[in-house]
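Asks: Dropping in my_file-v2.cif, which is mmCIF, C-alpha atoms:
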```cif
data_model
#
loop_
_atom_site.label_atom_id
_atom_site.label_comp_id
_atom_site.auth_asym_id
_atom_site.auth_seq_id
_atom_site.Cartn_x
_atom_site.Cartn_y
_atom_site.Cartn_z
CA MET G 1 171.17 -50.02 86.22
CA LYS G 2 169.08 -48.90 83.27
CA LYS G 3 172.24 -48.22 81.27
CA THR G 4 173.55 -51.72 82.00
CA ALA G 5 170.24 -53.28 80.94
CA LEU G 6 170.25 -51.36 77.66
CA ILE G 7 173.79 -52.47 76.90
CA PHE G 8 172.87 -56.08 77.70
CA ILE G 9 169.86 -55.95 75.34
CA ALA G 10 171.91 -54.37 72.55
CA CYS G 11 174.62 -57.02 72.87
CA SER G 12 172.02 -59.80 72.85
CA ILE G 13 170.63 -58.53 69.56
CA LEU G 14 174.07 -58.28 67.99
CA LEU G 15 175.06 -61.77 69.10
CA ALA G 16 171.82 -63.43 68.06
CA GLY G 17 171.84 -65.62 64.95
CA CYS G 18 169.76 -68.21 63.12
CA TRP G 19 169.96 -71.59 64.83
CA ASP G 20 169.60 -73.39 61.51
CA GLU G 21 171.87 -71.15 59.44
CA GLN G 22 173.74 -72.99 56.70
CA LEU G 23 176.25 -71.45 54.34
CA TYR G 24 175.89 -72.33 50.66
CA LYS G 25 179.65 -72.58 50.29
CA GLU G 26 179.51 -75.58 52.63
CA LEU G 27 176.60 -77.31 50.84
CA THR G 28 175.77 -78.95 47.54
CA ILE G 29 172.17 -78.47 46.42
CA VAL G 30 170.34 -81.69 45.47
CA PRO G 31 167.13 -81.08 43.46
CA LEU G 32 166.64 -84.72 42.34
CA VAL G 33 167.02 -88.04 44.16
CA GLY G 34 166.19 -91.64 43.34
CA PHE G 35 165.82 -94.66 45.61
CA GLU G 36 165.67 -98.39 44.97
CA GLY G 37 165.54 -101.41 47.23
CA GLU G 38 163.61 -101.77 50.50
CA PRO G 39 164.22 -100.49 54.05
CA GLY G 40 167.18 -102.46 55.38
CA GLU G 41 168.94 -102.51 52.04
CA MET G 42 168.56 -99.36 49.95
CA LYS G 43 170.53 -97.47 47.35
CA GLY G 44 170.15 -93.74 46.82
CA TYR G 45 171.09 -91.61 43.80
CA PHE G 46 171.64 -87.90 44.46
CA THR G 47 171.84 -85.47 41.54
CA LYS G 48 173.81 -82.48 42.81
CA LEU G 49 174.57 -79.03 41.47
CA GLU G 50 178.18 -78.15 40.69
CA VAL G 51 179.50 -74.72 39.74
CA THR G 52 182.89 -74.53 38.06
CA ASP G 53 184.27 -71.21 36.75
CA GLY G 54 180.78 -69.75 36.78
CA THR G 55 179.27 -72.67 34.83
CA ALA G 56 176.59 -74.80 36.47
CA SER G 57 176.32 -78.53 35.80
CA TYR G 58 174.87 -81.60 37.49
CA SER G 59 176.35 -84.95 38.44
CA THR G 60 175.00 -87.94 40.38
CA VAL G 61 176.57 -89.63 43.39
CA GLU G 62 175.41 -92.94 44.85
CA GLY G 63 175.06 -94.10 48.44
CA SER G 64 173.92 -97.27 50.21
CA GLY G 65 172.36 -97.91 53.60
CA VAL G 66 169.44 -99.26 55.57
CA SER G 67 167.39 -96.06 55.22
CA PRO G 68 167.13 -92.97 52.98
CA ARG G 69 169.06 -90.90 55.54
CA GLU G 70 171.91 -93.38 55.73
CA THR G 71 172.19 -93.55 51.93
CA ARG G 72 172.70 -89.78 51.93
CA LEU G 73 175.32 -90.02 54.67
CA ASP G 74 177.14 -92.65 52.62
CA ALA G 75 176.95 -90.45 49.51
CA ASN G 76 178.30 -87.52 51.55
CA ARG G 77 181.50 -89.45 52.19
CA LYS G 78 182.11 -89.57 48.44
CA THR G 79 181.98 -85.77 48.00
CA ASN G 80 183.88 -82.86 49.48
CA GLU G 81 180.65 -81.02 50.37
CA THR G 82 177.47 -81.76 52.31
CA LEU G 83 174.50 -82.88 50.20
CA SER G 84 171.56 -80.60 50.97
CA VAL G 85 167.95 -81.53 50.10
CA THR G 86 166.56 -78.15 51.20
CA GLN G 87 165.64 -77.46 47.56
CA LEU G 88 164.63 -80.99 46.63
CA GLN G 89 161.96 -81.07 43.91
CA VAL G 90 161.55 -84.66 42.66
CA ILE G 91 161.96 -88.04 44.41
CA LEU G 92 161.98 -91.10 42.14
CA LEU G 93 161.05 -94.44 43.73
CA SER G 94 161.53 -97.95 42.35
CA GLU G 95 158.66 -100.45 42.36
CA ASP G 96 160.42 -102.42 45.11
CA THR G 97 160.72 -99.35 47.30
CA VAL G 98 156.99 -98.55 47.24
CA LYS G 99 156.12 -102.06 48.42
CA SER G 100 156.65 -100.46 51.85
CA ASP G 101 154.71 -97.52 53.25
CA VAL G 102 156.11 -94.46 51.47
CA ILE G 103 155.59 -92.07 54.39
CA ASN G 104 157.13 -94.37 57.00
CA THR G 105 160.11 -95.07 54.73
CA PHE G 106 160.69 -91.42 53.86
CA ASP G 107 159.88 -89.99 57.26
CA VAL G 108 163.15 -88.03 57.09
CA TYR G 109 161.73 -85.77 54.35
CA LEU G 110 158.78 -84.81 56.56
CA ARG G 111 160.61 -84.55 59.87
CA ALA G 112 163.39 -82.05 59.08
CA PRO G 113 162.07 -78.44 59.18
CA THR G 114 164.43 -77.37 56.39
CA ASN G 115 163.06 -79.89 53.88
CA PRO G 116 160.47 -78.62 51.37
CA LEU G 117 157.02 -80.23 51.49
CA SER G 118 156.39 -79.28 47.85
CA SER G 119 158.66 -82.04 46.47
CA ARG G 120 156.95 -84.68 44.32
CA PHE G 121 157.14 -88.46 44.36
CA ALA G 122 157.10 -90.60 41.20
CA VAL G 123 157.32 -94.38 40.77
CA VAL G 124 159.59 -95.75 38.03
CA GLU G 125 159.74 -99.08 36.22
CA GLY G 126 163.08 -100.87 36.06
CA GLU G 127 166.51 -99.98 37.43
CA MET G 128 166.91 -96.53 38.96
CA ALA G 129 170.34 -95.92 37.40
CA SER G 130 168.81 -95.54 33.94
CA TYR G 131 166.62 -92.69 35.18
CA MET G 132 169.54 -90.77 36.67
CA LYS G 133 171.49 -90.47 33.41
CA LYS G 134 170.99 -87.65 30.93
CA ASN G 135 171.03 -88.72 27.28
CA GLU G 136 171.32 -86.57 24.16
CA GLU G 137 167.54 -86.49 23.67
CA VAL G 138 167.12 -84.43 26.85
CA ALA G 139 167.68 -80.77 26.01
CA VAL G 140 167.69 -79.47 29.61
CA GLU G 141 169.39 -80.59 32.80
CA LEU G 142 167.92 -83.75 34.30
CA PRO G 143 166.24 -82.18 37.38
CA GLN G 144 164.49 -79.60 35.19
CA TYR G 145 163.45 -82.33 32.75
CA TYR G 146 161.58 -84.22 35.48
CA ILE G 147 160.00 -81.05 36.83
CA ASP G 148 158.72 -80.08 33.37
CA LEU G 149 157.62 -83.66 32.66
CA LEU G 150 155.48 -83.89 35.79
CA GLU G 151 154.05 -80.38 35.55
CA SER G 152 153.01 -80.99 31.94
CA ALA G 153 151.30 -84.26 32.89
CA ILE G 154 149.47 -82.47 35.72
CA SER G 155 148.27 -79.74 33.33
CA PHE G 156 146.87 -82.37 30.94
CA SER G 157 145.11 -84.27 33.77
CA ILE G 158 147.28 -87.38 33.35
CA ILE G 159 148.56 -87.45 36.96
CA PRO G 160 147.33 -85.95 40.24
CA ASP G 161 148.84 -82.72 41.54
CA THR G 162 150.28 -84.30 44.71
CA ASP G 163 153.32 -83.21 46.73
CA ILE G 164 154.95 -84.83 49.78
CA GLN G 165 152.58 -83.19 52.26
CA GLN G 166 149.49 -84.30 50.32
CA THR G 167 150.98 -87.78 49.94
CA ALA G 168 151.25 -88.02 53.73
CA GLU G 169 147.66 -86.87 54.15
CA LEU G 170 146.39 -89.49 51.68
CA GLN G 171 148.45 -92.26 53.26
CA ASN G 172 146.94 -91.42 56.65
CA ASP G 173 143.35 -91.33 55.35
CA ASP G 174 141.70 -94.76 55.32
CA ALA G 175 138.86 -93.55 53.07
CA ILE G 176 140.93 -92.85 49.96
CA GLU G 177 143.97 -94.48 48.38
CA LEU G 178 147.14 -92.90 47.07
CA SER G 179 148.09 -92.87 43.40
CA LEU G 180 151.48 -91.60 42.21
CA PRO G 181 152.90 -90.76 38.76
CA PHE G 182 154.28 -93.84 36.99
CA LEU G 183 157.32 -93.38 34.72
CA LYS G 184 158.93 -95.65 32.17
CA ILE G 185 161.88 -95.38 29.78
CA SER G 186 160.62 -94.85 26.22
CA GLU G 187 161.66 -97.62 23.82
CA THR G 188 161.96 -95.13 20.94
CA THR G 189 163.76 -92.17 22.54
CA GLY G 190 165.34 -93.77 25.59
CA THR G 191 164.04 -90.94 27.76
CA PRO G 192 161.73 -91.21 30.80
CA GLU G 193 158.06 -90.52 30.10
CA VAL G 194 154.88 -90.48 32.14
CA MET G 195 152.83 -93.61 31.48
CA GLY G 196 149.99 -92.97 33.94
CA VAL G 197 149.70 -93.68 37.67
CA ALA G 198 150.71 -96.40 40.12
CA LEU G 199 147.86 -97.55 42.38
CA PHE G 200 148.24 -98.07 46.13
CA SER G 201 146.16 -100.05 48.63
CA ASP G 202 146.66 -100.27 52.39
CA LYS G 203 149.58 -97.85 52.04
CA VAL G 204 151.64 -99.95 49.59
CA PHE G 205 151.97 -100.28 45.82
CA THR G 206 149.56 -102.90 44.47
CA GLY G 207 151.54 -103.73 41.35
CA HIS G 208 148.65 -102.33 39.30
CA THR G 209 149.07 -99.25 37.10
CA LEU G 210 146.73 -97.21 34.91
CA ASP G 211 147.64 -95.88 31.47
CA LYS G 212 147.33 -92.21 30.55
CA LYS G 213 143.70 -92.36 29.46
CA ALA G 214 142.55 -94.33 32.49
CA SER G 215 144.52 -92.06 34.82
CA LYS G 216 142.88 -89.03 33.22
CA ILE G 217 139.47 -90.55 33.95
CA VAL G 218 140.42 -91.01 37.62
CA GLN G 219 141.21 -87.29 37.90
CA ILE G 220 137.74 -86.51 36.55
CA LEU G 221 136.02 -89.09 38.75
CA LYS G 222 137.42 -87.44 41.86
CA LYS G 223 136.77 -83.97 40.41
CA LYS G 224 140.40 -82.84 40.28
CA PRO G 225 141.33 -82.57 36.59
CA GLY G 226 144.15 -80.36 35.40
CA LYS G 227 143.93 -77.32 33.15
CA PHE G 228 143.40 -79.37 29.98
CA THR G 229 141.43 -82.61 29.67
CA LEU G 230 141.13 -84.01 26.15
CA PHE G 231 139.62 -87.20 24.73
CA THR G 232 139.95 -88.56 21.21
CA TYR G 233 137.74 -91.19 19.58
CA MET G 234 137.18 -92.46 16.04
CA TRP G 235 133.63 -91.70 14.85
CA GLU G 236 132.18 -93.59 11.91
CA LYS G 237 129.84 -92.11 9.34
CA GLU G 238 128.84 -93.42 5.91
CA GLY G 239 131.52 -96.12 5.96
CA LYS G 240 134.35 -93.71 6.88
CA SER G 241 136.10 -93.00 10.17
CA TYR G 242 136.77 -89.48 11.45
CA PRO G 243 138.88 -88.51 14.48
CA LEU G 244 136.89 -86.63 17.11
CA SER G 245 138.86 -84.71 19.75
CA VAL G 246 137.05 -82.88 22.51
CA GLN G 247 138.19 -80.85 25.50
CA LEU G 248 136.34 -80.89 28.80
CA ALA G 249 134.88 -77.48 29.65
CA THR G 250 132.79 -78.01 32.79
CA TYR G 251 131.00 -80.86 34.48
CA LYS G 252 128.84 -81.81 37.45
CA ARG G 253 128.77 -85.10 39.31
CA ASN G 254 126.18 -86.79 41.45
CA TRP G 255 126.77 -89.90 43.58
CA ASP G 256 123.72 -91.86 44.68
CA ILE G 257 124.88 -94.28 47.39
CA ARG G 258 122.44 -96.85 48.71
CA ASP G 259 123.23 -100.04 50.58
CA SER G 260 126.14 -101.60 48.64
CA LYS G 261 125.47 -99.81 45.37
CA ILE G 262 126.80 -96.54 43.96
CA ASN G 263 125.31 -94.85 40.90
CA ALA G 264 127.59 -92.03 39.77
CA THR G 265 126.33 -89.60 37.14
CA TYR G 266 128.64 -87.12 35.38
CA LYS G 267 127.12 -84.40 33.21
CA MET G 268 129.97 -83.13 31.06
CA LYS G 269 130.22 -80.22 28.63
CA PHE G 270 132.81 -80.35 25.86
CA GLY G 271 134.34 -78.13 23.22
CA VAL G 272 135.24 -79.73 19.89
CA GLU G 273 138.94 -79.43 19.07
CA GLU G 274 139.07 -81.66 15.98
CA PHE G 275 136.33 -83.05 13.75
CA ALA G 276 137.07 -83.32 10.02
CA TYR G 277 133.52 -84.32 9.12
CA ASP G 278 132.29 -80.88 10.27
CA HIS G 279 128.50 -80.08 9.94
CA LEU G 280 128.30 -79.37 13.66
CA ASP G 281 125.75 -76.66 12.92
CA VAL G 282 123.32 -79.46 12.06
CA ASP G 283 121.40 -80.42 15.21
CA GLU G 284 121.09 -84.03 14.10
CA ILE G 285 124.89 -84.43 13.68
CA ARG G 286 125.65 -82.71 16.98
CA LYS G 287 123.13 -84.88 18.84
CA GLU G 288 124.57 -87.99 17.21
CA LEU G 289 128.04 -86.99 18.41
CA GLU G 290 126.77 -86.34 21.94
CA GLU G 291 125.20 -89.79 22.09
CA PHE G 292 128.39 -91.33 20.72
CA LEU G 293 130.54 -89.52 23.32
CA SER G 294 128.18 -90.45 26.14
CA LYS G 295 128.32 -94.12 25.18
CA GLU G 296 132.13 -94.27 24.76
CA LEU G 297 132.89 -92.31 27.92
CA THR G 298 130.42 -94.33 30.00
CA LYS G 299 132.11 -97.53 28.83
CA ASP G 300 135.61 -96.20 29.56
CA PHE G 301 134.67 -94.81 32.98
CA ASN G 302 133.19 -98.13 34.09
CA GLU G 303 136.25 -100.01 32.86
CA VAL G 304 138.42 -97.78 35.05
CA ILE G 305 136.20 -98.42 38.08
CA LYS G 306 136.63 -102.16 37.49
CA LYS G 307 140.43 -101.76 37.41
CA LEU G 308 140.37 -99.80 40.66
CA GLN G 309 138.23 -102.46 42.32
CA ASP G 310 140.51 -105.24 41.08
CA ALA G 311 143.43 -103.41 42.71
CA LYS G 312 141.39 -102.67 45.87
CA SER G 313 142.41 -99.06 45.38
CA ASP G 314 139.80 -96.36 45.92
CA ALA G 315 141.87 -93.62 44.30
CA VAL G 316 138.66 -91.67 43.60
CA GLY G 317 137.68 -91.25 47.25
CA PHE G 318 134.22 -92.81 47.33
CA GLY G 319 135.12 -93.84 50.88
CA ARG G 320 135.19 -90.25 52.11
CA THR G 321 131.53 -89.75 51.21
CA VAL G 322 130.59 -93.19 52.56
CA ARG G 323 132.40 -92.49 55.85
CA ALA G 324 130.64 -89.15 56.26
CA PHE G 325 127.08 -90.08 55.28
CA HIS G 326 126.72 -93.88 55.22
CA PRO G 327 128.16 -95.27 58.48
CA LYS G 328 126.42 -98.64 58.10
CA LEU G 329 128.24 -99.28 54.81
CA TRP G 330 131.49 -97.85 56.17
CA ASN G 331 131.46 -100.10 59.23
CA GLN G 332 131.17 -103.32 57.22
CA GLY G 333 134.92 -103.81 57.47
CA LYS G 334 138.18 -102.55 55.96
CA TRP G 335 137.23 -100.04 53.26
CA SER G 336 139.56 -101.44 50.58
CA ASP G 337 137.78 -104.81 50.87
CA THR G 338 134.32 -103.23 50.94
CA PHE G 339 135.13 -101.01 47.96
CA SER G 340 136.31 -103.92 45.81
CA GLY G 341 132.93 -105.67 46.22
CA LEU G 342 130.60 -102.71 45.66
CA ASP G 343 128.22 -102.46 42.70
CA ILE G 344 129.45 -99.19 41.13
CA ASN G 345 127.94 -97.90 37.90
CA VAL G 346 128.97 -94.70 36.15
CA LYS G 347 126.85 -92.88 33.60
CA VAL G 348 128.26 -90.04 31.49
CA GLU G 349 126.00 -87.52 29.78
CA ALA G 350 127.98 -85.56 27.20
CA GLU G 351 126.96 -82.20 25.74
CA ILE G 352 128.78 -80.24 23.03
CA THR G 353 128.72 -76.55 23.91
CA ARG G 354 131.51 -75.22 21.69
CA THR G 355 132.15 -76.18 18.08
CA GLY G 356 135.08 -73.91 17.23
CA ILE G 357 135.28 -70.96 14.86
CA LEU G 358 133.84 -73.10 12.03
CA ASN G 359 130.37 -74.61 12.22
#
```
Can the structure from this file be put into structure tokens for me?
Replies:
Amino acid sequence: MKKTALIFIACSILLAGCWDEQLYKELTIVPLVGFEGEPGEMKGYFTKLEVTDGTASYSTVEGSGVSPRETRLDANRKTNETLSVTQLQVILLSEDTVKSDVINTFDVYLRAPTNPLSSRFAVVEGEMASYMKKNEEVAVELPQYYIDLLESAISFSIIPDTDIQQTAELQNDDAIELSLPFLKISETTGTPEVMGVALFSDKVFTGHTLDKKASKIVQILKKKPGKFTLFTYMWEKEGKSYPLSVQLATYKRNWDIRDSKINATYKMKFGVEEFAYDHLDVDEIRKELEEFLSKELTKDFNEVIKKLQDAKSDAVGFGRTVRAFHPKLWNQGKWSDTFSGLDINVKVEAEITRTGILN
């Protein structure tokens, strides 16, 4: 009896396999996809990897359908292999597509256990086909180009570091709004470039976007800047203008929320990257620069808040603090409506703590 049981166990181990095993020879890896249209009538573009005689290349196949999954099934019929999104890295979405809830529309990318949650969304202006073609100005393959483009923008605080999983969390949180990278085809090079972010409200794209500078300010406002955060202004002295470039070193924020008013103070320390006028060893000059920076940044930060309120998009997340500590304000109604009518004032206090190797 024992011998029979041992044989049975041994055979079970030998016969066991992975339920979700897929052979690469039967699949075509798709690292980049693009969608346009709305649920009910969508078109998908799938950039797939091809290996011929040991040489790797990429090509794009199109599919149509009522949903993202059906567009892939339609594209499958046009290839001799199965399109696999198990290594998907970038999903491009047209402005029409994000007029619907992104997470509900692209539920398929969250539901399947083999799909990566580290993929990134980006919203594009214009027709999707132009973003799925590689021109001579792009030195690398198209999927790698988009990966590098987004990672660089994240490092320089231009866009938020948000993947599919985080997008779902933001879409399901009624105290903060989603913002996604916004891309546009450059008029000079003809290549896609990051222009800033697309703002969402009540789970859909508002039609409002922020440029690179304004988007950078949003990352600071919500205390999630990237590795590098630089600002450049023109400073005037004795009838001449001098470029002043500074890099954010550290900062602290304080939100004072009372009734329907928010006073947000940001104490920021900067290192000087560029300043042709020099004389930063003179206390009077350094103090003058600090006052100048404080004034310019305060103005720019408040302009960004106004744009967010116009779009009814609390991309900063003021609502999370209000929900946690100010229930009376939170319960006034839908947060996007309450946020748009708040009296929000931002004050920036700039301090220069590093002047470079030259005084």
Asks: Kindly provide the residues of segment 142-216 of chain G that approach segment 95-109 of chain G to within 10 Å, each paired with its closest atom pair and their distance in Å to one decimal, based on all atoms listed in the file, listed by chain and increasing number, as CSV.
Replies:
```
residue,atom,partner,partner_atom,distance
G:Ile164,CA,G:Tyr109,CA,8.2
G:Gln165,CA,G:Ile103,CA,9.6
G:Thr167,CA,G:Ile103,CA,7.7
G:Ala168,CA,G:Ile103,CA,6.0
G:Glu169,CA,G:Ile103,CA,9.5
G:Leu170,CA,G:Ile103,CA,9.9
G:Gln171,CA,G:Ile103,CA,7.2
G:Asn172,CA,G:Ile103,CA,9.0
G:Phe182,CA,G:Glu95,CA,9.6
G:Ala198,CA,G:Glu95,CA,9.2
G:Phe200,CA,G:Val98,CA,8.8
G:Asp202,CA,G:Asp101,CA,8.6
G:Lys203,CA,G:Asp101,CA,5.3
G:Val204,CA,G:Lys99,CA,5.1
G:Phe205,CA,G:Lys99,CA,5.2
G:Thr206,CA,G:Lys99,CA,7.7
G:Gly207,CA,G:Glu95,CA,7.9
```
Asks: Using only C-alpha atoms, which residue out of G:Ile185, G:Phe292, G:Leu142, G:Thr47 lies closest to Ser84 of chain G?
Replies: G:Thr47
Asks: Nearest residue to Ser245 of chain G out of G:Thr321, G:Thr355, G:Thr28, G:Ser157, using all atoms listed in the file?
Replies: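 Ranking G:Thr321, G:Thr355, G:Thr28, G:Ser157 by distance to Ser245 of chain G, first place goes to G:Thr355.
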Asks: Residues at most 10 Å from segment 231-242 of chain G, counting all atoms listed in the file, excluding those fewer than 6 positions away in the same chain, as a list in words?
Replies: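 Here the qualifying residues turn out to be Lys213, Lys216, Ile217, Leu248, Phe270, Val272, Glu273, Glu274, Phe275, Ala276, Tyr277, Asp278, Leu289, Phe292, Leu293, Glu296 and Leu297 of chain G.
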Asks: For the interface of segment 71-186 of chain G with segment 336-350 of chain G (cut-off 10 Å, counting all atoms listed in the file), please tabulate each contacting residue of segment 71-186 of chain G alongside its nearest pair of atoms and their separation in Å to one decimal, rows sorted by chain and increasing number, as JSON lines.
Replies:
```
{"residue": "G:Asp174", "atom": "CA", "partner": "G:Ser336", "partner_atom": "CA", "distance": 8.5}
{"residue": "G:Ala175", "atom": "CA", "partner": "G:Ser336", "partner_atom": "CA", "distance": 8.3}
{"residue": "G:Ile176", "atom": "CA", "partner": "G:Ser336", "partner_atom": "CA", "distance": 8.7}
{"residue": "G:Glu177", "atom": "CA", "partner": "G:Ser336", "partner_atom": "CA", "distance": 8.5}
```
Asks: Please provide as a count of residues only all residues within 9 Å of segment 127-131 of chain G, with the sequence filter that same-chain residues fewer than 6 positions apart are discarded (counting only C-alpha atoms).
Replies: 12
Asks: How far is it from atom CA of Glu38 of chain G to atom CA of Ser64 of chain G, in Å with one decimal?
Replies: 11.3 Å
Asks: Using the chain letters and numbering of this document, enumerate as number ranges by chain the residues selected by the PyMOL selection byres ((chain G and resi 71) around 12).
Replies: G: 33-46, 61-70, 72-78, 83, 106, 108
Asks: From the options G:Asp211, G:Glu290, G:Glu141, G:Glu81, which residue's atoms come nearest to Lys267 of chain G, counting only C-alpha atoms?
Replies: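 Looking at the shortest contact to Lys267 of chain G, the residue is G:Glu290.
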Asks: Between atom CA of Asn263 of chain G and atom CA of His208 of chain G, what is the spacing in Å?
Replies: 24.6 Å
Asks: For a quick check of understanding, using all atoms listed in the file, which of G:Arg120, G:Lys307, G:Lys223, G:Lys312 has the smallest distance to Met268 of chain G?
Replies: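 Answer, going by the shortest atom-to-atom distance: G:Lys223.
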Asks: When you count all atoms listed in the file, which of these residues is closest to Asp283 of chain G: G:Asp259, G:Ala249, G:Ile352, G:Gly319?
Replies: G:Ile352
